[in-house]
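File shown: protein.cif (mmCIF, C-alpha atoms).
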data_protein
loop_
_atom_site.label_atom_id
_atom_site.label_comp_id
_atom_site.auth_asym_id
_atom_site.auth_seq_id
_atom_site.Cartn_x
_atom_site.Cartn_y
_atom_site.Cartn_z
CA MET V 1 45.03 51.80 153.10
CA GLU V 2 42.99 52.54 149.97
CA ILE V 3 39.76 52.81 151.97
CA ILE V 4 41.42 55.26 154.36
CA GLU V 5 42.71 57.28 151.40
CA LYS V 6 39.20 57.58 149.95
CA LYS V 7 37.72 58.61 153.28
CA VAL V 8 40.46 61.19 153.91
CA ILE V 9 39.92 62.70 150.46
CA GLU V 10 36.16 62.83 151.13
CA ILE V 11 36.82 64.73 154.38
CA LEU V 12 39.37 67.08 152.77
CA LYS V 13 36.98 67.93 149.93
CA LYS V 14 34.60 69.52 152.45
CA TYR V 15 37.27 72.11 153.23
CA THR V 16 38.89 72.85 149.87
CA PRO V 17 37.71 76.23 148.56
CA ASN V 18 37.60 75.20 144.91
CA ASN V 19 37.51 71.88 143.11
CA SER V 20 40.27 72.72 140.66
CA VAL V 21 42.90 71.71 143.24
CA TRP V 22 41.80 68.08 142.77
CA GLU V 23 42.46 68.02 139.02
CA HIS V 24 46.12 67.07 139.43
CA PHE V 25 45.84 65.55 142.86
CA MET V 26 48.71 63.52 144.31
CA LEU V 27 48.99 61.96 147.75
CA GLN V 28 52.08 64.09 148.32
CA ASN V 29 50.01 67.29 147.99
CA ASN V 30 50.54 69.69 150.88
CA LEU V 31 47.26 70.42 152.69
CA THR V 32 47.61 74.20 152.85
CA ARG V 33 49.94 75.02 149.95
CA ASP V 34 48.62 72.64 147.25
CA LEU V 35 45.04 71.97 148.35
CA LYS V 36 44.64 75.59 149.56
CA ILE V 37 42.96 74.53 152.79
CA ASN V 38 42.73 77.38 155.28
CA SER V 39 44.83 76.67 158.37
CA ALA V 40 41.77 77.25 160.58
CA ARG V 41 40.07 74.32 158.85
CA ILE V 42 42.92 71.91 159.63
CA VAL V 43 41.51 71.65 163.16
CA ASP V 44 38.10 70.76 161.65
CA ILE V 45 39.74 68.06 159.53
CA ILE V 46 41.45 66.58 162.59
CA LEU V 47 38.14 66.57 164.49
CA ASP V 48 36.38 64.87 161.55
CA ILE V 49 39.08 62.20 161.42
CA GLU V 50 38.94 61.65 165.18
CA GLU V 51 35.16 61.20 165.01
CA GLU V 52 35.27 58.95 161.94
CA TYR V 53 37.97 56.60 163.27
CA LYS V 54 37.29 56.96 167.01
CA ILE V 55 40.89 57.95 167.64
CA GLU V 56 42.59 60.88 169.33
CA ILE V 57 45.26 62.85 167.52
CA SER V 58 47.66 64.85 169.69
CA ASN V 59 49.13 68.23 168.82
CA THR V 60 52.54 66.64 168.40
CA GLU V 61 51.03 64.27 165.83
CA ILE V 62 49.26 67.16 164.04
CA GLU V 63 52.60 68.88 163.67
CA LYS V 64 53.99 65.91 161.74
CA VAL V 65 51.32 65.77 159.03
CA THR V 66 51.75 68.21 156.19
CA ASN V 67 50.46 66.18 153.23
CA VAL V 68 47.67 63.75 152.44
CA GLN V 69 49.93 60.71 152.51
CA GLU V 70 51.07 61.52 156.03
CA VAL V 71 47.45 61.89 157.17
CA VAL V 72 46.60 58.46 155.74
CA LYS V 73 49.68 56.91 157.35
CA LEU V 74 48.86 58.44 160.74
CA ILE V 75 45.30 57.05 160.66
CA SER V 76 46.55 53.67 159.53
CA THR V 77 49.08 53.52 162.37
CA LYS V 78 46.63 54.68 165.02
CA THR V 79 43.80 52.39 163.99
CA ALA V 80 46.18 49.41 163.96
CA GLN V 81 47.18 50.03 167.58
CA MET K 1 68.53 87.67 160.80
CA THR K 2 65.13 88.64 162.19
CA PHE K 3 62.06 86.88 160.82
CA ILE K 4 58.52 88.18 160.64
CA GLY K 5 55.15 86.52 160.15
CA CYS K 6 51.70 87.98 159.56
CA ASP K 7 48.14 86.72 159.58
CA LEU K 8 44.73 87.89 158.44
CA VAL K 9 41.67 86.32 160.10
CA MET K 10 37.99 86.83 159.29
CA ILE K 11 36.43 86.50 162.76
CA PRO K 12 33.03 85.06 161.72
CA LEU K 13 34.69 82.35 159.62
CA LEU K 14 37.20 81.16 162.19
CA PHE K 15 35.22 78.95 164.55
CA PRO K 16 32.64 76.30 163.62
CA GLU K 17 28.95 76.58 164.49
CA GLY K 18 27.25 74.26 166.96
CA ALA K 19 28.06 74.28 170.67
CA GLU K 20 29.54 70.78 170.93
CA ARG K 21 31.70 71.05 167.82
CA ARG K 22 32.81 74.53 168.79
CA GLN K 23 33.92 73.34 172.23
CA LYS K 24 35.90 70.46 170.75
CA TYR K 25 37.52 72.89 168.32
CA LEU K 26 38.48 75.31 171.09
CA ASN K 27 39.89 72.48 173.23
CA LYS K 28 42.05 71.31 170.34
CA ALA K 29 43.25 74.75 169.23
CA PHE K 30 43.77 76.61 172.51
CA THR K 31 45.77 75.83 175.63
CA CYS K 32 44.52 75.97 179.24
CA ILE K 33 46.34 79.30 179.70
CA GLU K 34 44.52 80.74 176.69
CA HIS K 35 41.12 79.50 177.87
CA GLY K 36 41.87 81.38 181.06
CA LEU K 37 42.65 84.63 179.21
CA SER K 38 39.19 84.96 177.65
CA GLU K 39 36.48 82.97 175.87
CA GLU K 40 35.31 85.98 173.84
CA PRO K 41 35.31 85.25 170.07
CA ILE K 42 37.34 88.36 169.26
CA THR K 43 40.00 87.55 171.85
CA LEU K 44 40.19 83.94 170.66
CA ALA K 45 40.56 85.16 167.07
CA LEU K 46 43.37 87.50 168.19
CA LEU K 47 45.09 84.61 169.93
CA TRP K 48 44.67 82.39 166.86
CA ALA K 49 46.24 85.07 164.64
CA ALA K 50 49.10 85.45 167.11
CA LYS K 51 49.77 81.69 167.07
CA GLU K 52 49.86 81.63 163.29
CA CYS K 53 52.22 84.61 163.20
CA ALA K 54 54.53 82.80 165.63
CA TYR K 55 54.40 79.65 163.47
CA LYS K 56 55.35 81.65 160.38
CA VAL K 57 58.24 83.32 162.20
CA LEU K 58 59.63 80.09 163.58
CA PHE K 59 59.27 77.88 160.52
CA LYS K 60 60.21 80.35 157.81
CA LYS K 61 63.02 78.25 156.54
CA GLY K 62 60.67 75.60 155.20
CA ALA K 63 60.97 73.06 158.01
CA HIS K 64 58.72 70.07 157.49
CA VAL K 65 56.40 70.99 160.34
CA ALA K 66 52.65 71.62 160.12
CA PHE K 67 50.84 74.29 162.12
CA ALA K 68 49.55 72.69 165.32
CA PRO K 69 47.81 75.60 167.10
CA GLY K 70 47.60 73.76 170.42
CA LEU K 71 51.40 73.75 170.70
CA PHE K 72 51.54 77.55 170.54
CA SER K 73 50.47 79.22 173.74
CA SER K 74 49.71 82.90 174.17
CA ILE K 75 51.09 83.56 177.61
CA SER K 76 50.08 87.19 177.86
CA ILE K 77 47.89 89.71 176.08
CA SER K 78 47.97 93.43 176.81
CA GLU K 79 46.18 96.42 175.36
CA GLN K 80 48.45 99.16 174.07
CA SER K 81 47.34 101.38 171.18
CA ASP K 82 49.57 102.51 168.36
CA LYS K 83 48.94 104.90 165.48
CA GLU K 84 48.31 102.11 162.97
CA GLY K 85 45.44 100.73 165.06
CA PHE K 86 47.21 97.66 166.38
CA ASN K 87 45.87 97.63 169.92
CA TYR K 88 47.16 94.39 171.33
CA THR K 89 50.54 92.93 172.19
CA ILE K 90 50.56 89.17 172.58
CA LEU K 91 53.49 87.06 173.71
CA VAL K 92 53.40 83.56 172.22
CA ASP K 93 55.44 80.62 173.46
CA TYR K 94 56.36 77.55 171.41
CA LYS K 95 58.41 74.99 173.31
CA GLY K 96 60.22 77.75 175.22
CA VAL K 97 60.82 80.04 172.21
CA GLN K 98 58.90 83.31 172.36
CA THR K 99 57.47 85.53 169.63
CA TRP K 100 56.09 89.05 170.08
CA VAL K 101 52.92 89.77 168.13
CA ARG K 102 51.07 93.03 167.50
CA ALA K 103 47.43 92.62 166.54
CA GLY K 104 44.40 94.76 165.81
CA VAL K 105 40.74 94.45 164.89
CA PHE K 106 39.82 96.17 161.62
CA ASP K 107 36.29 96.00 160.13
CA GLY K 108 35.50 92.50 161.36
CA SER K 109 38.88 91.00 160.67
CA ILE K 110 42.09 90.59 162.62
CA ARG K 111 45.44 91.71 161.28
CA ALA K 112 48.54 90.60 163.15
CA PHE K 113 52.27 90.51 162.70
CA GLY K 114 54.99 89.04 164.84
CA THR K 115 58.76 88.94 165.10
CA ASP K 116 61.39 87.04 167.02
CA CYS K 117 62.89 90.37 168.10
CA LYS K 118 60.60 93.01 169.60
CA GLU K 119 62.96 95.92 168.92
CA VAL K 120 62.05 96.24 165.24
CA ASN K 121 58.92 98.41 165.29
CA ASP K 122 60.52 101.29 163.36
CA ARG K 123 61.55 98.88 160.59
CA ILE K 124 58.14 97.29 160.00
CA LEU K 125 56.47 98.13 156.68
CA MET K 126 52.94 96.99 155.98
CA LYS K 127 50.30 97.18 153.33
CA PHE K 128 46.72 95.97 153.34
CA GLY K 129 44.74 95.82 150.13
CA CYS K 130 41.77 94.39 148.32
CA ASN K 131 42.38 91.51 145.98
CA GLY K 132 40.30 93.42 143.43
CA GLY K 133 38.22 90.43 142.40
CA THR K 134 41.07 88.97 140.38
CA MET K 135 41.27 85.94 142.70
CA ASP K 136 44.98 85.93 141.89
CA VAL K 137 46.53 86.56 145.27
CA ARG K 138 50.04 86.13 143.90
CA TYR K 139 49.54 89.02 141.47
CA THR K 140 48.12 91.28 144.18
CA ALA K 141 50.88 90.38 146.65
CA ARG K 142 53.58 91.07 144.05
CA ARG K 143 52.07 94.45 143.23
CA MET K 144 51.86 95.36 146.92
CA LEU K 145 55.46 94.36 147.58
CA ASN K 146 56.62 96.43 144.61
CA GLU K 147 54.68 99.43 145.91
CA LEU K 148 56.12 99.00 149.40
CA ILE K 149 59.70 99.00 148.11
CA GLU K 150 59.12 101.87 145.66
CA SER K 151 57.47 104.14 148.21
CA THR K 152 59.80 103.30 151.10
CA PHE K 153 63.05 103.70 149.19
CA ASN K 154 61.77 106.33 146.76
CA ILE K 155 62.72 104.38 143.66
CA LYS K 156 60.79 103.35 140.57
CA ASN K 157 61.08 99.86 139.16
CA GLU K 158 57.60 98.30 139.03
CA GLY K 159 59.05 94.88 138.51
CA PHE K 160 60.98 93.66 141.51
CA PHE K 161 58.69 90.73 142.07
CA GLN K 162 56.99 90.74 138.68
CA ASP K 163 57.98 87.30 137.50
CA HIS K 164 58.58 85.66 140.81
CA PRO K 165 56.33 83.25 142.67
CA VAL K 166 55.94 85.17 145.93
CA TYR K 167 55.14 82.06 147.94
CA LYS K 168 58.46 80.42 147.14
CA TYR K 169 60.50 81.78 149.99
CA PRO K 170 64.04 81.27 148.59
CA VAL K 171 63.02 83.20 145.45
CA ILE K 172 61.39 86.06 147.32
CA GLN K 173 64.43 86.17 149.61
CA SER K 174 66.82 86.76 146.71
CA VAL K 175 64.62 89.50 145.20
CA MET K 176 64.11 91.41 148.43
CA ALA K 177 67.73 91.04 149.62
CA PRO K 178 68.90 94.61 148.80
CA PHE K 179 65.96 96.22 150.63
CA LEU K 180 64.19 93.95 153.06
CA GLU K 181 65.28 91.50 155.70
CA ASP K 182 62.07 89.47 155.58
CA VAL K 183 58.57 89.42 154.10
CA SER K 184 55.33 87.73 155.14
CA ILE K 185 52.04 87.51 153.24
CA SER K 186 48.58 86.52 154.41
CA HIS K 187 45.26 86.63 152.61
CA ASP K 188 41.61 85.70 152.73
CA ALA K 189 39.16 85.45 149.84
CA GLU K 190 39.06 89.22 149.32
CA ASN K 191 42.05 90.85 150.95
CA VAL K 192 45.81 90.61 151.08
CA PHE K 193 48.02 91.69 153.98
CA VAL K 194 51.75 92.14 153.40
CA VAL K 195 54.27 92.87 156.15
CA ALA K 196 57.97 93.47 155.48
CA LEU K 197 60.97 94.20 157.64
CA LYS K 198 63.24 96.94 156.35
CA LYS K 199 66.96 96.20 156.29
CA VAL K 200 69.05 98.01 158.85
CA ASN K 201 70.75 101.18 157.52
CA LYS K 202 68.87 101.09 154.21
#
Representation of the structure as structure tokens:
Amino acid sequence: MEIIEKKVIEILKKYTPNNSVWEHFMLQNNLTRDLKINSARIVDIILDIEEEYKIEISNTEIEKVTNVQEVVKLISTKTAQ
Amino acid sequence: MTFIGCDLVMIPLLFPEGAERRQKYLNKAFTCIEHGLSEEPITLALLWAAKECAYKVLFKKGAHVAFAPGLFSSISISEQSDKEGFNYTILVDYKGVQTWVRAGVFDGSIRAFGTDCKEVNDRILMKFGCNGGTMDVRYTARRMLNELIESTFNIKNEGFFQDHPVYKYPVIQSVMAPFLEDVSISHDAENVFVVALKKVNK
């Protein structure tokens, strides 16, 4: 889980407009509201995750992930399948 | 209660570069119906803005649902000019619920607003402004909302939203209650777009 967390954060950092959002980072941080990630970049993040973990994430699954913890949990579940 | 949602999209920044990545992005974000409507970047940006407007309208109450663009499908797009320069009407479907969106192209960016009731055009108030280099979108949005209320209702207060976090919807709802039925805010790095729905009989 910790390795997935680190990788997810590495991917998210490519799309956060300024580094200050990471100063008080928590896994419960909302991707758009707290990390200020543009909604158009969420699709890029999903594509990066799919490529990194060789998984496919459906639109219904995208709809269920609003924070970093949920992203990590989704990857963990899908890679365990 | 009628809800509204707005979106501001910088066309060049929307889609990734590189043919393969771009195609994957488009497949993830747009439905088969939308691919059939047009593959032109401007049209796709209009459709994206319409989807995001529909998302904001439908999930205004803070439901724990993320924006999954592929679940929103623009089922029709028609050209129809209005005096504000919004040239397109797009009908967006999300699991059988439909949202009407008006959208226009202004200096390389898309502005769009949508509602769950199309009979509200005469009640829509909107303001577009530069963030003025302050990088504090909340300050700019508050100022714009104050100006909208003051000019529309011919009153002077200057402080309706002064101390309120405009992105906390329950707070903004209580402040706007005497004047507006709903408010939506969208921004990019430089600009802020505010759309409000005037209360009936106000």
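Reported to one decimal place, the separation of CA of Thr115 (chain K) from CA of Cys53 (chain K) is 8.1 Å.
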request  = Apply the PyMOL selection byres ((chain V) within 8 of (chain K)) to the displayed file and report the matching residues as a ChimeraX atom specification.
outcome  = /V:39-40,43-44,47,59-60,62-66
ask   = the PyMOL selection byres ((chain V and resi 52) around 12) on the file shown: which residues, as a list in words?
value = Ile4, Lys7, Val8, Glu10, Ile11, Ile45, Ile46, Leu47, Asp48, Ile49, Glu50, Glu51, Tyr53, Lys54, Ile55, Glu56, Ile75 and Thr79 of chain V
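Considering only C-alpha atoms, the residue among K:Ala196, K:Gly5, K:Val105, K:Ile172 positioned nearest to Glu147 (chain K) is K:Ala196.
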request  = Do a neighbour search on Phe179 (chain K) at 10 Å with all atoms listed in the file, toss out local chain neighbours closer than 6 positions, and write the hits as a PyMOL selection string.
outcome  = chain K and resi 149+152-153+196-202
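Between CA of Met1 (chain V) and CA of Ser20 (chain V) the interatomic distance comes to 24.8 Å.
Interatomic distance, CA of Val92 (chain K) against CA of Glu61 (chain V): 20.5 Å.
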key: Resolved residues for the PyMOL selection byres ((chain K and resi 98) around 10) as a PyMOL selection string   = chain K and resi 54+58+72-75+91-97+99-101+115-117
inquiry  = Show me the residues around (42.8, 85.5, 166.4) - criterion: an atom at most 9 Å away, only C-alpha atoms counted - as a ChimeraX atom specification.
reply    = /K:7-11,14,41-52,103,109-112
Once you add 3 Å to each side, what are the centre and edge lengths of the axis-aligned box holding all listed atoms of region 39-51 of chain K? One decimal in Å, as lines of an AutoDock Vina configuration file, if you can.
center_x = 42.5
center_y = 85.0
center_z = 170.3
size_x = 20.5
size_y = 12.7
size_z = 17.2
From V:Leu27, V:Asn38, V:Asn18, V:Thr32, residue lying nearest Val72 (chain V) [only C-alpha atoms] = V:Leu27
Got a minute to add N, CA and C atoms to region 134-160 of chain K and dump it as a tab-separated table (two decimals), in the frame of the given file?
chain	number	residue	atom	x	y	z
K	134	THR	N	40.32	89.74	141.37
K	134	THR	CA	41.07	88.97	140.38
K	134	THR	C	41.23	87.52	140.82
K	135	MET	N	41.07	87.27	142.12
K	135	MET	CA	41.27	85.94	142.70
K	135	MET	C	42.71	85.46	142.54
K	136	ASP	N	43.58	86.33	142.03
K	136	ASP	CA	44.98	85.93	141.89
K	136	ASP	C	45.78	86.63	142.98
K	137	VAL	N	45.86	85.97	144.11
K	137	VAL	CA	46.53	86.56	145.27
K	137	VAL	C	47.99	86.85	144.97
K	138	ARG	N	48.61	85.96	144.18
K	138	ARG	CA	50.04	86.13	143.90
K	138	ARG	C	50.29	87.44	143.17
K	139	TYR	N	49.40	87.77	142.22
K	139	TYR	CA	49.54	89.02	141.47
K	139	TYR	C	49.40	90.21	142.42
K	140	THR	N	48.36	90.17	143.25
K	140	THR	CA	48.12	91.28	144.18
K	140	THR	C	49.29	91.43	145.15
K	141	ALA	N	49.78	90.32	145.69
K	141	ALA	CA	50.88	90.38	146.65
K	141	ALA	C	52.14	90.94	146.00
K	142	ARG	N	52.40	90.55	144.75
K	142	ARG	CA	53.58	91.07	144.05
K	142	ARG	C	53.48	92.58	143.87
K	143	ARG	N	52.28	93.02	143.45
K	143	ARG	CA	52.07	94.45	143.23
K	143	ARG	C	52.28	95.22	144.55
K	144	MET	N	51.74	94.68	145.63
K	144	MET	CA	51.86	95.36	146.92
K	144	MET	C	53.31	95.42	147.39
K	145	LEU	N	54.04	94.36	147.18
K	145	LEU	CA	55.46	94.36	147.58
K	145	LEU	C	56.25	95.37	146.75
K	146	ASN	N	55.95	95.43	145.46
K	146	ASN	CA	56.62	96.43	144.61
K	146	ASN	C	56.34	97.84	145.12
K	147	GLU	N	55.06	98.10	145.43
K	147	GLU	CA	54.68	99.43	145.91
K	147	GLU	C	55.37	99.77	147.23
K	148	LEU	N	55.47	98.77	148.10
K	148	LEU	CA	56.12	99.00	149.40
K	148	LEU	C	57.58	99.41	149.21
K	149	ILE	N	58.28	98.69	148.34
K	149	ILE	CA	59.70	99.00	148.11
K	149	ILE	C	59.84	100.35	147.43
K	150	GLU	N	59.01	100.60	146.41
K	150	GLU	CA	59.12	101.87	145.66
K	150	GLU	C	58.86	103.07	146.55
K	151	SER	N	57.80	102.97	147.39
K	151	SER	CA	57.47	104.14	148.21
K	151	SER	C	58.45	104.30	149.37
K	152	THR	N	58.90	103.21	149.95
K	152	THR	CA	59.80	103.30	151.10
K	152	THR	C	61.18	103.83	150.71
K	153	PHE	N	61.68	103.35	149.57
K	153	PHE	CA	63.05	103.70	149.19
K	153	PHE	C	63.10	104.75	148.08
K	154	ASN	N	61.89	105.26	147.75
K	154	ASN	CA	61.77	106.33	146.76
K	154	ASN	C	62.47	105.97	145.44
K	155	ILE	N	62.16	104.82	144.93
K	155	ILE	CA	62.72	104.38	143.66
K	155	ILE	C	61.58	103.88	142.78
K	156	LYS	N	61.83	103.82	141.49
K	156	LYS	CA	60.79	103.35	140.57
K	156	LYS	C	61.34	102.15	139.80
K	157	ASN	N	60.66	101.05	139.90
K	157	ASN	CA	61.08	99.86	139.16
K	157	ASN	C	59.88	99.14	138.58
K	158	GLU	N	58.86	98.96	139.40
K	158	GLU	CA	57.60	98.30	139.03
K	158	GLU	C	57.77	96.81	138.74
K	159	GLY	N	58.93	96.28	138.89
K	159	GLY	CA	59.05	94.88	138.51
K	159	GLY	C	59.89	94.01	139.41
K	160	PHE	N	60.12	94.45	140.64
K	160	PHE	CA	60.98	93.66	141.51
K	160	PHE	C	60.51	92.21	141.63
